[in-house]
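Asker: I'd like to ask you about the structure that follows.
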Amino acid sequence: MPVSKELRITPIRNGTVVDHIPSGLALEVLRILNVEALGRESTISVALHVRSQRMGWKDIVKVENMELSAPKANAIALIAPTATISIIRETKVREKHAVSLPERLVGILRCPNPNCITNQGEPVDSEFEVTRRRPLAVRCVYCERSVEDFVPLLTR
Amino acid sequence: MSLKGRDILSMRDLSRPEILEILKASRALIPVAEGRRPSRALEGRLLSLAFFEPSTRTRLSFETAAKRLGARTITIVDPAASSMAKGESLSDTVRMLSCYADLIVLRHPNEGASRLAAQLSDKPVINAGDGAGQHPTQTLLDLATMEERFQTLAGLRVVLMGDLRYGRTVHSLAHALGLFGSELTLSSPERLSLPEEVRRDLDQMGAKVTEQPDLEKALRGADVLYVTRIQKERFGDLAEYAKVSGSYRLDPALLRNMKEKFAVMHPLPRVAEIPPEVDRSPHAVYFRQAFLAVPVRMALLSLILTGRVPPGGGR
């Protein structure tokens with residue numbers, strides 16, 4: 001019996017699996033998940049450059065004892081629109097869905113315009129509206145700067 | 001459709017019919033702006049003019065507009081003398097102003113400041129320029145100037161010349177002209193060309209845009225030449241600045257063969273890009289443009305605060 005590719009990394013009892021991440025972006029996904037904040041008891045598994053029928057190559061991230069919040073799912077959708085998210089409870093997949101990007105992204109990206117009012121220490125969250133889906137482009141609601149390269153702008 | 005209680009933050013927020021409504025109201029208010037007909041349409045209203053960045057024309061024309069309609073103003077002109085100098089956030093300042101006044105006119109050095117102010121203020125906010133961002137009332141008065149001259153905004157052939165990259169007025173003007181189906185010709189040094197995203201926005205609107213760095217060629221068949229100042233502070237190398245600004249100087253000889261109604265516009269202040277000889281030309285409309293700032297801003301104040309313009313412009 002062929003060994004399932006899923007077994008190359010440890011199955012988890014409770015937590016989140018982010019699959020179908022475009023190859024090379026797993027570390028960015030980890031950054032979005034803010035895994036440093038998890039307790040020491042949680043296992044985090046990362047598989048880089050895994051064969052995928054659908055995508056050719058992909059990355060996978062599994063995080064124990066964490067269920068993904070909506071803002072984090074939105075941030076993943078921004079950099080990895082192909083990703084799927086599975087929520088695991090007691091070793092069973094309880095929810096599985098593709099990520100989807102909302103019309104507005106609040107507090108997920110930093111505006112690249114240093115002169116934007118959202119970068120001046122005012123008590124305001126950054127906010128972007130999606131202006132184009134393919135390829136993805138968003139625009140700052142405040143200074144109207146357009147953004148197409150998201151990875152360096154993700155807020156921690 | 002009513003502008004009553006609305007914020008005016010960016011030209012993107014205004015539809016074509018709304019722009020035309022503002023221009024129509026502005027025409028009706030010209031006699032009041034000229035001081036020929038008194039008006040007390042906004043008597044008892046108090047406006048806050050919060051200018052966190054130097055400005056002469058914009059502040060004075062808002063103040064004139066308010067006072068010609070009988071409104072009173074409270075003004076921040078020098079942020080160094082306000083509590084912003086003590087480190088107060090714009091957010092807190094705006095909340096305070098919105099308790100005092102019926103409307104806030106805001107000029108601020110940071111892009112997006114007026115959008116933030118509008119979210120925090122219970123009272124309408126007019127963006128009077130935010131950093132290198134939007135300056136919608138300038139665009140409205142530019143449109144009013146063209147409409148007065150040509151009786152229409154549809155299908156004008158407009159040449160935009162000078163600093164098209166950093167000049168804030170030119171981006172929202174280009175957007176608005178695109179809405180009205182103008183043909184745009186861009187004439188600028190390469191390093192000061194229109195930003196890619198503004199260009200894309202125009203393409204998406206289906207606007208006709210061409211580039212022609214040679215001004216003489218760009219002017220063929222044009223209705224309007226809109227000149228912007230090339231800002232010294234954008235150049236690290238002053239020799240380069242001298243070269244570029246020298247090449248973007250309007251030669252009065254170029255005006256000889258233009259159409260009768262051809263108009264030279266400039267948001268002012270100008271430096272050397274339009275020599276004073278041009279001022280005497282019947283094509284020079286930039287001082288008329290500066291005057292129209294008053295009725296246009298009167299129209300906005302009136303429509304936002306009362307939802308209408310007084311019959312006959314005055315009361």
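The chains in the structure tokens are called A, B, ... from first to last as shown; in each chain the residues are counted from 1, and the ligands are counted from 1 in the order shown.
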Would you pick out the contacts of Arg40 (chain B) at 12 Å or less, using only C-alpha atoms, so that residues sharing its chain but fewer than 3 positions from it are not included, and give the list as a PyMOL selection string?
Answerer: chain B and resi 32+37+43-45+65-72+298+302+309-311+313-315
Asker: Considering only C-alpha atoms, extract the chain B residues located within 7 Å of chain A and return them as an MDAnalysis selection string.
Answerer: chainID B and resid 89 91 110:113 115:116 133 197
Asker: Can I get the selection written as a PDB file, in the first residue's frame, with N, CA, C and O atoms?
Answerer:
ATOM      1  N   SER B  89      -3.586  63.738  18.778  1.00  0.00           N
ATOM      2  CA  SER B  89      -3.821  63.071  17.503  1.00  0.00           C
ATOM      3  C   SER B  89      -4.822  63.872  16.682  1.00  0.00           C
ATOM      4  O   SER B  89      -5.611  64.653  17.224  1.00  0.00           O
ATOM      5  N   SER B  91      -7.256  62.509  15.299  1.00  0.00           N
ATOM      6  CA  SER B  91      -8.555  61.947  15.687  1.00  0.00           C
ATOM      7  C   SER B  91      -9.190  62.767  16.800  1.00  0.00           C
ATOM      8  O   SER B  91     -10.375  63.105  16.744  1.00  0.00           O
ATOM      9  N   ASN B 110      -1.156  64.504   5.590  1.00  0.00           N
ATOM     10  CA  ASN B 110      -1.163  63.057   5.366  1.00  0.00           C
ATOM     11  C   ASN B 110      -2.328  62.615   4.483  1.00  0.00           C
ATOM     12  O   ASN B 110      -3.472  62.996   4.712  1.00  0.00           O
ATOM     13  N   GLU B 111      -2.021  61.762   3.507  1.00  0.00           N
ATOM     14  CA  GLU B 111      -3.047  61.231   2.638  1.00  0.00           C
ATOM     15  C   GLU B 111      -4.050  60.402   3.450  1.00  0.00           C
ATOM     16  O   GLU B 111      -3.659  59.589   4.285  1.00  0.00           O
ATOM     17  N   GLY B 112      -5.307  60.602   3.165  1.00  0.00           N
ATOM     18  CA  GLY B 112      -6.354  59.833   3.854  1.00  0.00           C
ATOM     19  C   GLY B 112      -6.829  60.486   5.141  1.00  0.00           C
ATOM     20  O   GLY B 112      -7.751  59.980   5.791  1.00  0.00           O
ATOM     21  N   ALA B 113      -6.225  61.635   5.517  1.00  0.00           N
ATOM     22  CA  ALA B 113      -6.598  62.285   6.776  1.00  0.00           C
ATOM     23  C   ALA B 113      -8.081  62.662   6.792  1.00  0.00           C
ATOM     24  O   ALA B 113      -8.767  62.505   7.805  1.00  0.00           O
ATOM     25  N   ARG B 115     -10.547  61.286   5.159  1.00  0.00           N
ATOM     26  CA  ARG B 115     -11.403  60.080   5.247  1.00  0.00           C
ATOM     27  C   ARG B 115     -11.500  59.654   6.715  1.00  0.00           C
ATOM     28  O   ARG B 115     -12.585  59.332   7.208  1.00  0.00           O
ATOM     29  N   LEU B 116     -10.380  59.674   7.406  1.00  0.00           N
ATOM     30  CA  LEU B 116     -10.399  59.343   8.830  1.00  0.00           C
ATOM     31  C   LEU B 116     -11.241  60.361   9.597  1.00  0.00           C
ATOM     32  O   LEU B 116     -12.084  59.995  10.433  1.00  0.00           O
ATOM     33  N   GLY B 133      -2.504  63.472  -1.878  1.00  0.00           N
ATOM     34  CA  GLY B 133      -3.705  62.716  -2.241  1.00  0.00           C
ATOM     35  C   GLY B 133      -4.739  63.536  -2.971  1.00  0.00           C
ATOM     36  O   GLY B 133      -4.452  64.153  -4.000  1.00  0.00           O
ATOM     37  N   GLU B 197      -1.155  53.685 -11.723  1.00  0.00           N
ATOM     38  CA  GLU B 197      -2.502  53.346 -11.246  1.00  0.00           C
ATOM     39  C   GLU B 197      -3.545  54.364 -11.711  1.00  0.00           C
ATOM     40  O   GLU B 197      -4.693  54.004 -11.951  1.00  0.00           O
TER      41      GLU B 197
END
Asker: Just the number, please: distance in Å from CA of Leu179 (chain B) to CA of Asn257 (chain B), one decimal.
Answerer: 28.9 Å
Asker: Provide the CA of Leu33 (chain A) to CA of Leu109 (chain A) distance in Å, to one decimal place.
Answerer: 14.2 Å
Asker: Please report the interatomic distance between CA of Gly167 (chain B) and CA of Pro282 (chain B) in Å with one decimal.
Answerer: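 Straight-line distance from CA of Gly167 (chain B) to CA of Pro282 (chain B) works out to 25.8 Å.
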Asker: Residues within 8 Å of Arg165 (chain B), please, as a PyMOL selection string. Count only C-alpha atoms; anything in the same chain fewer than 4 positions from it doesn't count.
Answerer: chain B and resi 191-195
Asker: Just to be explicit: take each residue in the selection above, keep C-alpha atoms, and write the result as a tab-separated table (two decimals), in the first residue's frame.
Answerer:
chain	number	residue	atom	x	y	z
B	191	ARG	CA	10.16	61.01	-14.59
B	192	LEU	CA	7.11	63.13	-13.85
B	193	SER	CA	4.64	61.09	-15.88
B	194	LEU	CA	1.21	60.08	-14.65
B	195	PRO	CA	1.40	57.20	-12.10
Asker: Please extract the residues of region 32-67 of chain A with a backbone DSSP assignment of strand (DSSP E) and present them as number ranges by chain.
Answerer: A: 44-52, 56-64
Asker: Could those selected residues go to a file with N, CA and C atoms, as an mmCIF file, in the first residue's frame?
Answerer:
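Okay, this is what ended up in out_20.cif:
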data_model
loop_
_atom_site.group_PDB
_atom_site.id
_atom_site.type_symbol
_atom_site.label_atom_id
_atom_site.label_comp_id
_atom_site.auth_asym_id
_atom_site.auth_seq_id
_atom_site.Cartn_x
_atom_site.Cartn_y
_atom_site.Cartn_z
ATOM 1 N N ILE A 44 3.733 21.963 15.516
ATOM 2 C CA ILE A 44 3.512 22.659 14.253
ATOM 3 C C ILE A 44 4.281 21.890 13.193
ATOM 4 N N SER A 45 3.586 21.439 12.165
ATOM 5 C CA SER A 45 4.282 20.707 11.098
ATOM 6 C C SER A 45 4.185 21.499 9.809
ATOM 7 N N VAL A 46 5.299 21.500 9.102
ATOM 8 C CA VAL A 46 5.337 22.223 7.836
ATOM 9 C C VAL A 46 5.892 21.279 6.776
ATOM 10 N N ALA A 47 5.184 21.156 5.683
ATOM 11 C CA ALA A 47 5.726 20.367 4.573
ATOM 12 C C ALA A 47 5.949 21.302 3.403
ATOM 13 N N LEU A 48 7.188 21.329 2.928
ATOM 14 C CA LEU A 48 7.519 22.214 1.817
ATOM 15 C C LEU A 48 7.693 21.389 0.549
ATOM 16 N N HIS A 49 7.202 21.930 -0.556
ATOM 17 C CA HIS A 49 7.415 21.329 -1.854
ATOM 18 C C HIS A 49 6.921 19.890 -1.893
ATOM 19 N N VAL A 50 5.627 19.744 -1.716
ATOM 20 C CA VAL A 50 4.981 18.430 -1.732
ATOM 21 C C VAL A 50 4.307 18.280 -3.095
ATOM 22 N N ARG A 51 4.370 17.074 -3.655
ATOM 23 C CA ARG A 51 3.695 16.808 -4.922
ATOM 24 C C ARG A 51 2.193 17.020 -4.772
ATOM 25 N N SER A 52 1.588 17.663 -5.753
ATOM 26 C CA SER A 52 0.145 17.863 -5.703
ATOM 27 C C SER A 52 -0.428 17.609 -7.081
ATOM 28 N N GLY A 56 0.673 20.721 -8.963
ATOM 29 C CA GLY A 56 2.073 20.425 -9.269
ATOM 30 C C GLY A 56 2.861 20.314 -7.974
ATOM 31 N N TRP A 57 3.155 21.460 -7.358
ATOM 32 C CA TRP A 57 3.836 21.479 -6.068
ATOM 33 C C TRP A 57 3.073 22.377 -5.108
ATOM 34 N N LYS A 58 3.105 22.025 -3.848
ATOM 35 C CA LYS A 58 2.389 22.838 -2.865
ATOM 36 C C LYS A 58 3.090 22.748 -1.523
ATOM 37 N N ASP A 59 2.680 23.580 -0.595
ATOM 38 C CA ASP A 59 3.128 23.504 0.798
ATOM 39 C C ASP A 59 1.911 23.179 1.674
ATOM 40 N N ILE A 60 2.192 22.582 2.831
ATOM 41 C CA ILE A 60 1.121 22.270 3.801
ATOM 42 C C ILE A 60 1.584 22.734 5.190
ATOM 43 N N VAL A 61 0.666 23.281 5.955
ATOM 44 C CA VAL A 61 0.977 23.662 7.340
ATOM 45 C C VAL A 61 -0.074 23.039 8.250
ATOM 46 N N LYS A 62 0.389 22.395 9.330
ATOM 47 C CA LYS A 62 -0.549 21.852 10.315
ATOM 48 C C LYS A 62 -0.213 22.445 11.672
ATOM 49 N N VAL A 63 -1.206 22.942 12.318
ATOM 50 C CA VAL A 63 -0.969 23.550 13.623
ATOM 51 C C VAL A 63 -1.922 22.935 14.634
ATOM 52 N N GLU A 64 -1.328 22.414 15.692
ATOM 53 C CA GLU A 64 -2.141 21.753 16.705
ATOM 54 C C GLU A 64 -2.740 22.782 17.660
#
Asker: Looking at A:Pro81, A:Gly39, A:Pro112, A:Pro71, which one is nearest to His97 (chain A), with distances taken over only C-alpha atoms?
Answerer: A:Pro81
Asker: I want to know what sits within 9 Å of region 221-236 of chain B, based on only C-alpha atoms, with residues of the same chain fewer than 2 positions away left out; could you give that as a PyMOL selection string?
Answerer: chain B and resi 146+150+156-164+166-167+169-170+185+192+218-219+238-242+244-245+248+250+258-259+261-274
Asker: Report as a PyMOL selection string all protein, DNA and RNA residues lying within 12 Å of Phe62 (chain B), evaluated on only C-alpha atoms, omitting residues in the same chain fewer than 3 positions from it.
Answerer: chain B and resi 33+47-51+55-59+65-69+71-75+103-107+126-128+137-138+290-302
Asker: Could you please write out, as a VMD selection string, every residue of chain A that DSSP assigns to helix (DSSP H, G or I)?
Answerer: chain A and resid 5 to 8 26 to 33 35 to 37 70 to 79 117 to 119 151 to 153
Asker: Which one is closest to Arg133 (chain A): A:Glu28, A:Glu148, A:Glu95, A:Asp19? Count only C-alpha atoms.
Answerer: A:Glu148
Asker: From the set B:Ser121, B:Gln289, B:Ser114, B:Thr210, which residue has the shortest atom-to-atom contact distance to Leu9 (chain B), counting only C-alpha atoms?
Answerer: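 For Leu9 (chain B), the nearest of the candidates is B:Ser114.
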Asker: Give me the residues near Arg200 (chain B) as a list in words, where near means some atom within 12 Å (using only C-alpha atoms) and where sequence neighbours in that chain fewer than 4 positions away do not count.
Answerer: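 Residues meeting the cut-off are Thr131, Arg132 and Ser146 of chain A; His171, Ala174, His175, Gly178, Leu194, Pro195, Glu196, Gln204, Met205, Gly206, Ala207, Lys208 and Val209 of chain B.
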Asker: Let's have the selection written as a PDB file, in the first residue's frame, with C-alpha atoms.
Answerer:
ATOM      1  CA  THR A 131     -10.562  46.484  -6.686  1.00  0.00           C
ATOM      2  CA  ARG A 132      -9.698  43.504  -8.885  1.00  0.00           C
ATOM      3  CA  SER A 146      -3.215  50.540  -4.902  1.00  0.00           C
TER       4      SER A 146
ATOM      5  CA  HIS B 171      -4.936  63.006 -10.691  1.00  0.00           C
ATOM      6  CA  ALA B 174      -7.887  63.415 -14.941  1.00  0.00           C
ATOM      7  CA  HIS B 175     -10.401  61.074 -13.285  1.00  0.00           C
ATOM      8  CA  GLY B 178     -12.486  60.810 -17.895  1.00  0.00           C
ATOM      9  CA  LEU B 194       1.211  60.080 -14.652  1.00  0.00           C
ATOM     10  CA  PRO B 195       1.401  57.204 -12.105  1.00  0.00           C
ATOM     11  CA  GLU B 196       0.547  53.773 -13.479  1.00  0.00           C
ATOM     12  CA  GLN B 204     -10.808  51.215 -17.140  1.00  0.00           C
ATOM     13  CA  MET B 205     -13.153  54.177 -17.605  1.00  0.00           C
ATOM     14  CA  GLY B 206     -12.538  53.986 -21.334  1.00  0.00           C
ATOM     15  CA  ALA B 207     -10.963  57.449 -21.413  1.00  0.00           C
ATOM     16  CA  LYS B 208      -8.970  58.419 -24.488  1.00  0.00           C
ATOM     17  CA  VAL B 209      -5.431  59.129 -23.301  1.00  0.00           C
TER      18      VAL B 209
END
Asker: Please list as a list in words every residue within 9 Å of region 17-21 of chain B, counting only C-alpha atoms and excluding residues in the same chain fewer than 3 positions away.
Answerer: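 Residues meeting the cut-off are Met1, Ser2, Leu3, Met11, Leu14, Lys24, Ala25, Ser26, Leu140 and Leu143 of chain B.
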